[in-house]
Amino acid sequence: MSPRRSYDQYCSAARALDAVGDRWTLLIVRELLGGPRRYTDLHADLPGVSTDVLASRLKDMERDGLTTRRRLPPPGAAYVYELTSRGRELLPVLQALGEWGASELGDRRPTDAVRAHWFALPLLRGLDAAGLGEGLVEVHLDEGRFHVWLGAADGPLHGDGNAPREPDARLTLDTRTCEDMSRGTLTLLDALRERSVDVTGDGPLAKGLREV
């Protein structure tokens with residue numbers, strides 16, 4: 001475990017950066033907002049991070065009360081990392097950073113990695129803005145599928161692949177619409193009104209999305 005570094009400034013922003021200002025820390029939080037993850041899963045979805053750096057960051061985050069580590073019962077018997085309530089409080093920080101950084105995206109570069117679930121947080125921002133309440137939404141992108149829990153007070157906010165049960169709504173977006181929304185040049189509400197997002201499902205949430 002690396003020694004704690006500090007800016008030694010009596011300022012709440014500086015204290016926050018003491019805990020989460022190191023490279024990769026907030027991206028690890030982004031991944032763990034999807035629920036408990038094994039080390040190998042985290043490493044696979046954080047392309048570019050070395051095994052030593054990832055291990056060091058996870059130890060620091062556990063020390064600082066942002067994550068915990070627990071062993072799954074057999075037959076899994078693997079260790080998983082998950083956010084504490086303190087770590088989960090970083091969600092609005094990540095959402096604000098994502099919104100601020102949207103204009104920095106530009107066109108996707110040949111060296112840019114992408115995972116479908118990285119669109120989960122900006123999509124949740126758009127769904128929250130629609131004010132349609134709670135529900136499970138399955139999302140189909142060209143890069144893959146994921147699902148999000150709208151209005152989740154605790155537990156995972158998103159997950160890879162198909163929804164674990166019949167979703168309240170399914171959304172299908174093409175690459176252009178997804179990238180425009182990620183860059184902030186198109187809102188989810190506008191995309192729904194322009195029919196750039198295909199909505200299927202019979203529940204109130206799906207109906208509300210179609211009627212935006």
# chains A, B, ... in the order shown; residues from 1 in each chain; ligands from 1
$ select_by_dssp --residues "chain A" --states "strand (DSSP E or B)" --output "PyMOL selection string"
chain A and resi 37-38+67-71+79-83+135-141+144-150+158-160+169-173+197-200
$ write_last_selection --atoms "C-alpha atoms" --output "PDB file, in the first residue's frame"
ATOM      1  CA  ARG A  37     -16.276  -6.597  -9.873  1.00  0.00           C
ATOM      2  CA  ARG A  38     -13.399  -9.042  -9.854  1.00  0.00           C
ATOM      3  CA  THR A  67     -14.220   0.322  -1.513  1.00  0.00           C
ATOM      4  CA  THR A  68     -14.316  -2.990   0.276  1.00  0.00           C
ATOM      5  CA  ARG A  69     -13.092  -6.403  -0.804  1.00  0.00           C
ATOM      6  CA  ARG A  70     -14.938  -9.636  -0.054  1.00  0.00           C
ATOM      7  CA  ARG A  71     -14.722 -13.257  -1.081  1.00  0.00           C
ATOM      8  CA  TYR A  79     -12.552 -11.837  -4.435  1.00  0.00           C
ATOM      9  CA  VAL A  80     -14.661  -8.909  -5.628  1.00  0.00           C
ATOM     10  CA  TYR A  81     -14.345  -5.188  -5.032  1.00  0.00           C
ATOM     11  CA  GLU A  82     -17.359  -2.979  -4.409  1.00  0.00           C
ATOM     12  CA  LEU A  83     -18.069   0.590  -3.449  1.00  0.00           C
ATOM     13  CA  GLY A 135     -37.353   1.254 -13.836  1.00  0.00           C
ATOM     14  CA  LEU A 136     -35.012  -1.177 -15.558  1.00  0.00           C
ATOM     15  CA  VAL A 137     -33.912  -0.167 -19.055  1.00  0.00           C
ATOM     16  CA  GLU A 138     -32.093  -2.434 -21.527  1.00  0.00           C
ATOM     17  CA  VAL A 139     -29.921  -0.580 -24.037  1.00  0.00           C
ATOM     18  CA  HIS A 140     -28.792  -1.869 -27.432  1.00  0.00           C
ATOM     19  CA  LEU A 141     -25.803  -0.148 -29.055  1.00  0.00           C
ATOM     20  CA  GLY A 144     -22.978  -4.155 -27.379  1.00  0.00           C
ATOM     21  CA  ARG A 145     -25.757  -4.284 -24.801  1.00  0.00           C
ATOM     22  CA  PHE A 146     -26.058  -3.112 -21.231  1.00  0.00           C
ATOM     23  CA  HIS A 147     -28.810  -2.272 -18.786  1.00  0.00           C
ATOM     24  CA  VAL A 148     -29.387   0.538 -16.302  1.00  0.00           C
ATOM     25  CA  TRP A 149     -31.523   0.884 -13.182  1.00  0.00           C
ATOM     26  CA  LEU A 150     -33.241   4.243 -13.288  1.00  0.00           C
ATOM     27  CA  HIS A 158     -25.765  -0.568 -14.606  1.00  0.00           C
ATOM     28  CA  GLY A 159     -24.585  -3.934 -15.855  1.00  0.00           C
ATOM     29  CA  ASP A 160     -23.267  -5.559 -19.011  1.00  0.00           C
ATOM     30  CA  ALA A 169     -38.197  -0.425 -21.618  1.00  0.00           C
ATOM     31  CA  ARG A 170     -35.680  -1.229 -24.342  1.00  0.00           C
ATOM     32  CA  LEU A 171     -33.741   1.500 -26.133  1.00  0.00           C
ATOM     33  CA  THR A 172     -31.859   1.024 -29.401  1.00  0.00           C
ATOM     34  CA  LEU A 173     -29.393   3.696 -30.579  1.00  0.00           C
ATOM     35  CA  VAL A 197     -33.929   6.278 -30.371  1.00  0.00           C
ATOM     36  CA  ASP A 198     -36.134   3.234 -30.876  1.00  0.00           C
ATOM     37  CA  VAL A 199     -38.213   2.493 -27.764  1.00  0.00           C
ATOM     38  CA  THR A 200     -39.952  -0.842 -27.226  1.00  0.00           C
TER      39      THR A 200
END
$ residues_around --residues "A:Leu66" --least-positions-apart "5" --cutoff "7 Å" --atoms "only C-alpha atoms" --output "PDB file with N, CA and C atoms, in the first residue's frame"
ATOM      1  N   MET A  61      -7.853   2.803  -2.245  1.00  0.00           N
ATOM      2  CA  MET A  61      -9.285   3.090  -2.136  1.00  0.00           C
ATOM      3  C   MET A  61      -9.906   2.339  -0.967  1.00  0.00           C
ATOM      4  N   LEU A  83     -18.081  -0.728  -4.059  1.00  0.00           N
ATOM      5  CA  LEU A  83     -18.069   0.590  -3.449  1.00  0.00           C
ATOM      6  C   LEU A  83     -18.749   0.569  -2.085  1.00  0.00           C
ATOM      7  N   THR A  84     -18.214   1.345  -1.162  1.00  0.00           N
ATOM      8  CA  THR A  84     -18.911   1.630   0.083  1.00  0.00           C
ATOM      9  C   THR A  84     -19.927   2.748  -0.179  1.00  0.00           C
ATOM     10  N   ARG A  86     -19.697   5.608   1.023  1.00  0.00           N
ATOM     11  CA  ARG A  86     -18.849   6.787   0.789  1.00  0.00           C
ATOM     12  C   ARG A  86     -18.384   6.827  -0.666  1.00  0.00           C
ATOM     13  N   GLY A  87     -17.991   5.691  -1.210  1.00  0.00           N
ATOM     14  CA  GLY A  87     -17.572   5.646  -2.607  1.00  0.00           C
ATOM     15  C   GLY A  87     -18.712   5.930  -3.555  1.00  0.00           C
TER      16      GLY A  87
END
$ select_by_dssp --residues "stretch 54-147 of chain A" --states "alpha helix (DSSP H)" --output "ChimeraX atom specification"
/A:54-63,85-88,91-101,120-130
$ write_last_selection --atoms "N, CA and C atoms" --output "JSON list (two decimals), in the first residue's frame"
[["chain", "number", "residue", "atom", "x", "y", "z"],
["A", 54, "LEU", "N", -3.25, -0.73, -10.94],
["A", 54, "LEU", "CA", -4.61, -1.08, -10.55],
["A", 54, "LEU", "C", -4.63, -1.66, -9.14],
["A", 55, "ALA", "N", -3.72, -2.57, -8.85],
["A", 55, "ALA", "CA", -3.66, -3.16, -7.51],
["A", 55, "ALA", "C", -3.39, -2.09, -6.46],
["A", 56, "SER", "N", -2.49, -1.16, -6.77],
["A", 56, "SER", "CA", -2.16, -0.09, -5.82],
["A", 56, "SER", "C", -3.36, 0.82, -5.58],
["A", 57, "ARG", "N", -4.06, 1.19, -6.65],
["A", 57, "ARG", "CA", -5.22, 2.07, -6.49],
["A", 57, "ARG", "C", -6.31, 1.39, -5.66],
["A", 58, "LEU", "N", -6.56, 0.12, -5.91],
["A", 58, "LEU", "CA", -7.59, -0.59, -5.16],
["A", 58, "LEU", "C", -7.24, -0.67, -3.68],
["A", 59, "LYS", "N", -5.97, -0.87, -3.37],
["A", 59, "LYS", "CA", -5.56, -0.89, -1.96],
["A", 59, "LYS", "C", -5.74, 0.48, -1.31],
["A", 60, "ASP", "N", -5.37, 1.53, -2.05],
["A", 60, "ASP", "CA", -5.54, 2.89, -1.53],
["A", 60, "ASP", "C", -7.01, 3.21, -1.31],
["A", 61, "MET", "N", -7.85, 2.80, -2.24],
["A", 61, "MET", "CA", -9.28, 3.09, -2.14],
["A", 61, "MET", "C", -9.91, 2.34, -0.97],
["A", 62, "GLU", "N", -9.42, 1.13, -0.71],
["A", 62, "GLU", "CA", -9.91, 0.38, 0.44],
["A", 62, "GLU", "C", -9.46, 1.06, 1.74],
["A", 63, "ARG", "N", -8.22, 1.50, 1.77],
["A", 63, "ARG", "CA", -7.71, 2.21, 2.94],
["A", 63, "ARG", "C", -8.50, 3.48, 3.23],
["A", 85, "SER", "N", -20.72, 3.08, 0.82],
["A", 85, "SER", "CA", -21.65, 4.20, 0.67],
["A", 85, "SER", "C", -20.88, 5.49, 0.41],
["A", 86, "ARG", "N", -19.70, 5.61, 1.02],
["A", 86, "ARG", "CA", -18.85, 6.79, 0.79],
["A", 86, "ARG", "C", -18.38, 6.83, -0.67],
["A", 87, "GLY", "N", -17.99, 5.69, -1.21],
["A", 87, "GLY", "CA", -17.57, 5.65, -2.61],
["A", 87, "GLY", "C", -18.71, 5.93, -3.56],
["A", 88, "ARG", "N", -19.91, 5.46, -3.20],
["A", 88, "ARG", "CA", -21.06, 5.67, -4.07],
["A", 88, "ARG", "C", -21.45, 7.14, -4.12],
["A", 91, "LEU", "N", -20.90, 9.43, -7.28],
["A", 91, "LEU", "CA", -21.70, 9.42, -8.50],
["A", 91, "LEU", "C", -21.96, 10.82, -9.04],
["A", 92, "PRO", "N", -22.47, 11.77, -8.25],
["A", 92, "PRO", "CA", -22.70, 13.11, -8.82],
["A", 92, "PRO", "C", -21.41, 13.80, -9.27],
["A", 93, "VAL", "N", -20.28, 13.45, -8.64],
["A", 93, "VAL", "CA", -18.99, 14.01, -9.07],
["A", 93, "VAL", "C", -18.67, 13.51, -10.47],
["A", 94, "LEU", "N", -18.83, 12.21, -10.70],
["A", 94, "LEU", "CA", -18.56, 11.64, -12.02],
["A", 94, "LEU", "C", -19.55, 12.16, -13.05],
["A", 95, "GLN", "N", -20.80, 12.32, -12.65],
["A", 95, "GLN", "CA", -21.79, 12.85, -13.58],
["A", 95, "GLN", "C", -21.44, 14.28, -13.99],
["A", 96, "ALA", "N", -21.02, 15.08, -13.02],
["A", 96, "ALA", "CA", -20.64, 16.47, -13.33],
["A", 96, "ALA", "C", -19.40, 16.51, -14.21],
["A", 97, "LEU", "N", -18.43, 15.65, -13.93],
["A", 97, "LEU", "CA", -17.23, 15.59, -14.76],
["A", 97, "LEU", "C", -17.57, 15.15, -16.18],
["A", 98, "GLY", "N", -18.46, 14.16, -16.29],
["A", 98, "GLY", "CA", -18.85, 13.69, -17.61],
["A", 98, "GLY", "C", -19.56, 14.76, -18.41],
["A", 99, "GLU", "N", -20.43, 15.51, -17.74],
["A", 99, "GLU", "CA", -21.15, 16.58, -18.43],
["A", 99, "GLU", "C", -20.19, 17.69, -18.85],
["A", 100, "TRP", "N", -19.25, 18.03, -17.96],
["A", 100, "TRP", "CA", -18.27, 19.07, -18.27],
["A", 100, "TRP", "C", -17.35, 18.63, -19.41],
["A", 101, "GLY", "N", -16.99, 17.34, -19.43],
["A", 101, "GLY", "CA", -16.04, 16.84, -20.41],
["A", 101, "GLY", "C", -16.65, 16.45, -21.74],
["A", 120, "ALA", "N", -23.45, 4.34, -19.94],
["A", 120, "ALA", "CA", -24.50, 4.22, -18.93],
["A", 120, "ALA", "C", -24.72, 5.51, -18.14],
["A", 121, "LEU", "N", -23.65, 6.15, -17.69],
["A", 121, "LEU", "CA", -23.82, 7.35, -16.87],
["A", 121, "LEU", "C", -24.41, 8.51, -17.66],
["A", 122, "PRO", "N", -23.91, 8.83, -18.87],
["A", 122, "PRO", "CA", -24.59, 9.89, -19.62],
["A", 122, "PRO", "C", -26.03, 9.55, -19.97],
["A", 123, "LEU", "N", -26.31, 8.29, -20.23],
["A", 123, "LEU", "CA", -27.70, 7.91, -20.51],
["A", 123, "LEU", "C", -28.57, 8.10, -19.28],
["A", 124, "LEU", "N", -28.05, 7.74, -18.11],
["A", 124, "LEU", "CA", -28.82, 7.95, -16.88],
["A", 124, "LEU", "C", -29.08, 9.43, -16.64],
["A", 125, "ARG", "N", -28.14, 10.29, -16.99],
["A", 125, "ARG", "CA", -28.39, 11.73, -16.88],
["A", 125, "ARG", "C", -29.58, 12.13, -17.74],
["A", 126, "GLY", "N", -29.61, 11.62, -18.96],
["A", 126, "GLY", "CA", -30.71, 11.94, -19.86],
["A", 126, "GLY", "C", -32.03, 11.38, -19.37],
["A", 127, "LEU", "N", -32.02, 10.15, -18.84],
["A", 127, "LEU", "CA", -33.25, 9.54, -18.34],
["A", 127, "LEU", "C", -33.76, 10.29, -17.11],
["A", 128, "ASP", "N", -32.84, 10.70, -16.24],
["A", 128, "ASP", "CA", -33.25, 11.48, -15.07],
["A", 128, "ASP", "C", -33.90, 12.79, -15.49],
["A", 129, "ALA", "N", -33.33, 13.41, -16.54],
["A", 129, "ALA", "CA", -33.88, 14.69, -17.03],
["A", 129, "ALA", "C", -35.29, 14.50, -17.58],
["A", 130, "ALA", "N", -35.60, 13.30, -18.07],
["A", 130, "ALA", "CA", -36.94, 13.05, -18.59],
["A", 130, "ALA", "C", -37.98, 12.95, -17.48]]
$ closest_residue --among "A:Leu132, A:Glu143, A:Ala191, A:Ser182" --to "A:Gly203" --atoms "only C-alpha atoms"
A:Leu132
$ atom_distance --atom1 "atom CA of A:Gly161" --atom2 "atom CA of A:Leu188"
21.1 Å
$ atom_distance --atom1 "atom CA of A:Arg183" --atom2 "atom CA of A:Phe119"
11.0 Å
$ decode --residues "stretch 14-102 of chain A" --atoms "C-alpha atoms" --output "PDB file, in the first residue's frame"
ATOM      1  CA  ALA A  14      -7.882  19.630  -1.891  1.00  0.00           C
ATOM      2  CA  ARG A  15      -8.905  16.992   0.660  1.00  0.00           C
ATOM      3  CA  ALA A  16     -11.166  15.356  -1.939  1.00  0.00           C
ATOM      4  CA  LEU A  17      -8.301  15.260  -4.426  1.00  0.00           C
ATOM      5  CA  ASP A  18      -6.088  13.692  -1.770  1.00  0.00           C
ATOM      6  CA  ALA A  19      -8.457  10.706  -1.936  1.00  0.00           C
ATOM      7  CA  VAL A  20      -9.538  10.553  -5.587  1.00  0.00           C
ATOM      8  CA  GLY A  21      -7.119  12.753  -7.511  1.00  0.00           C
ATOM      9  CA  ASP A  22      -4.727   9.986  -8.550  1.00  0.00           C
ATOM     10  CA  ARG A  23      -4.901   8.756 -12.131  1.00  0.00           C
ATOM     11  CA  TRP A  24      -7.416   5.880 -12.625  1.00  0.00           C
ATOM     12  CA  THR A  25      -9.171   6.240  -9.255  1.00  0.00           C
ATOM     13  CA  LEU A  26     -12.361   7.856 -10.557  1.00  0.00           C
ATOM     14  CA  LEU A  27     -12.484   5.482 -13.520  1.00  0.00           C
ATOM     15  CA  ILE A  28     -12.362   2.568 -11.085  1.00  0.00           C
ATOM     16  CA  VAL A  29     -15.321   4.172  -9.306  1.00  0.00           C
ATOM     17  CA  ARG A  30     -17.090   4.418 -12.670  1.00  0.00           C
ATOM     18  CA  GLU A  31     -16.681   0.665 -13.164  1.00  0.00           C
ATOM     19  CA  LEU A  32     -17.737  -0.220  -9.617  1.00  0.00           C
ATOM     20  CA  LEU A  33     -20.956   1.770  -9.956  1.00  0.00           C
ATOM     21  CA  GLY A  34     -21.995  -1.274 -11.988  1.00  0.00           C
ATOM     22  CA  GLY A  35     -21.759  -3.438  -8.864  1.00  0.00           C
ATOM     23  CA  PRO A  36     -19.095  -5.793  -7.452  1.00  0.00           C
ATOM     24  CA  ARG A  37     -16.276  -6.597  -9.873  1.00  0.00           C
ATOM     25  CA  ARG A  38     -13.399  -9.042  -9.854  1.00  0.00           C
ATOM     26  CA  TYR A  39      -9.898  -7.711 -10.349  1.00  0.00           C
ATOM     27  CA  THR A  40      -9.644  -9.388 -13.760  1.00  0.00           C
ATOM     28  CA  ASP A  41     -12.933  -7.788 -14.868  1.00  0.00           C
ATOM     29  CA  LEU A  42     -11.759  -4.355 -13.758  1.00  0.00           C
ATOM     30  CA  HIS A  43      -8.458  -4.782 -15.589  1.00  0.00           C
ATOM     31  CA  ALA A  44     -10.280  -5.838 -18.782  1.00  0.00           C
ATOM     32  CA  ASP A  45     -12.542  -2.770 -18.708  1.00  0.00           C
ATOM     33  CA  LEU A  46      -9.786  -0.282 -17.881  1.00  0.00           C
ATOM     34  CA  PRO A  47      -7.574  -0.635 -20.958  1.00  0.00           C
ATOM     35  CA  GLY A  48      -4.230   1.054 -20.445  1.00  0.00           C
ATOM     36  CA  VAL A  49      -3.892   0.544 -16.695  1.00  0.00           C
ATOM     37  CA  SER A  50      -1.021  -1.661 -15.540  1.00  0.00           C
ATOM     38  CA  THR A  51      -1.648  -4.501 -13.114  1.00  0.00           C
ATOM     39  CA  ASP A  52       0.615  -2.857 -10.515  1.00  0.00           C
ATOM     40  CA  VAL A  53      -1.151   0.497 -10.714  1.00  0.00           C
ATOM     41  CA  LEU A  54      -4.611  -1.078 -10.549  1.00  0.00           C
ATOM     42  CA  ALA A  55      -3.661  -3.159  -7.513  1.00  0.00           C
ATOM     43  CA  SER A  56      -2.164  -0.090  -5.822  1.00  0.00           C
ATOM     44  CA  ARG A  57      -5.220   2.072  -6.491  1.00  0.00           C
ATOM     45  CA  LEU A  58      -7.588  -0.595  -5.165  1.00  0.00           C
ATOM     46  CA  LYS A  59      -5.560  -0.892  -1.958  1.00  0.00           C
ATOM     47  CA  ASP A  60      -5.536   2.886  -1.529  1.00  0.00           C
ATOM     48  CA  MET A  61      -9.285   3.090  -2.136  1.00  0.00           C
ATOM     49  CA  GLU A  62      -9.914   0.378   0.444  1.00  0.00           C
ATOM     50  CA  ARG A  63      -7.707   2.212   2.943  1.00  0.00           C
ATOM     51  CA  ASP A  64      -9.596   5.451   2.315  1.00  0.00           C
ATOM     52  CA  GLY A  65     -12.997   3.834   2.826  1.00  0.00           C
ATOM     53  CA  LEU A  66     -14.145   4.065  -0.803  1.00  0.00           C
ATOM     54  CA  THR A  67     -14.220   0.322  -1.513  1.00  0.00           C
ATOM     55  CA  THR A  68     -14.316  -2.990   0.276  1.00  0.00           C
ATOM     56  CA  ARG A  69     -13.092  -6.403  -0.804  1.00  0.00           C
ATOM     57  CA  ARG A  70     -14.938  -9.636  -0.054  1.00  0.00           C
ATOM     58  CA  ARG A  71     -14.722 -13.257  -1.081  1.00  0.00           C
ATOM     59  CA  LEU A  72     -17.601 -14.799  -2.996  1.00  0.00           C
ATOM     60  CA  PRO A  73     -19.007 -18.074  -1.641  1.00  0.00           C
ATOM     61  CA  PRO A  74     -18.284 -21.316  -3.535  1.00  0.00           C
ATOM     62  CA  PRO A  75     -18.348 -22.202  -6.336  1.00  0.00           C
ATOM     63  CA  GLY A  76     -17.175 -18.678  -7.236  1.00  0.00           C
ATOM     64  CA  ALA A  77     -14.622 -18.352  -4.415  1.00  0.00           C
ATOM     65  CA  ALA A  78     -13.147 -15.220  -6.013  1.00  0.00           C
ATOM     66  CA  TYR A  79     -12.552 -11.837  -4.435  1.00  0.00           C
ATOM     67  CA  VAL A  80     -14.661  -8.909  -5.628  1.00  0.00           C
ATOM     68  CA  TYR A  81     -14.345  -5.188  -5.032  1.00  0.00           C
ATOM     69  CA  GLU A  82     -17.359  -2.979  -4.409  1.00  0.00           C
ATOM     70  CA  LEU A  83     -18.069   0.590  -3.449  1.00  0.00           C
ATOM     71  CA  THR A  84     -18.911   1.630   0.083  1.00  0.00           C
ATOM     72  CA  SER A  85     -21.646   4.197   0.669  1.00  0.00           C
ATOM     73  CA  ARG A  86     -18.849   6.787   0.789  1.00  0.00           C
ATOM     74  CA  GLY A  87     -17.572   5.646  -2.607  1.00  0.00           C
ATOM     75  CA  ARG A  88     -21.058   5.667  -4.070  1.00  0.00           C
ATOM     76  CA  GLU A  89     -21.375   9.339  -3.084  1.00  0.00           C
ATOM     77  CA  LEU A  90     -18.938  10.048  -5.930  1.00  0.00           C
ATOM     78  CA  LEU A  91     -21.701   9.420  -8.502  1.00  0.00           C
ATOM     79  CA  PRO A  92     -22.697  13.114  -8.819  1.00  0.00           C
ATOM     80  CA  VAL A  93     -18.991  14.006  -9.065  1.00  0.00           C
ATOM     81  CA  LEU A  94     -18.565  11.638 -12.017  1.00  0.00           C
ATOM     82  CA  GLN A  95     -21.792  12.848 -13.584  1.00  0.00           C
ATOM     83  CA  ALA A  96     -20.643  16.466 -13.329  1.00  0.00           C
ATOM     84  CA  LEU A  97     -17.227  15.592 -14.764  1.00  0.00           C
ATOM     85  CA  GLY A  98     -18.854  13.689 -17.609  1.00  0.00           C
ATOM     86  CA  GLU A  99     -21.146  16.582 -18.425  1.00  0.00           C
ATOM     87  CA  TRP A 100     -18.265  19.071 -18.275  1.00  0.00           C
ATOM     88  CA  GLY A 101     -16.041  16.843 -20.413  1.00  0.00           C
ATOM     89  CA  ALA A 102     -18.632  16.094 -23.106  1.00  0.00           C
TER      90      ALA A 102
END
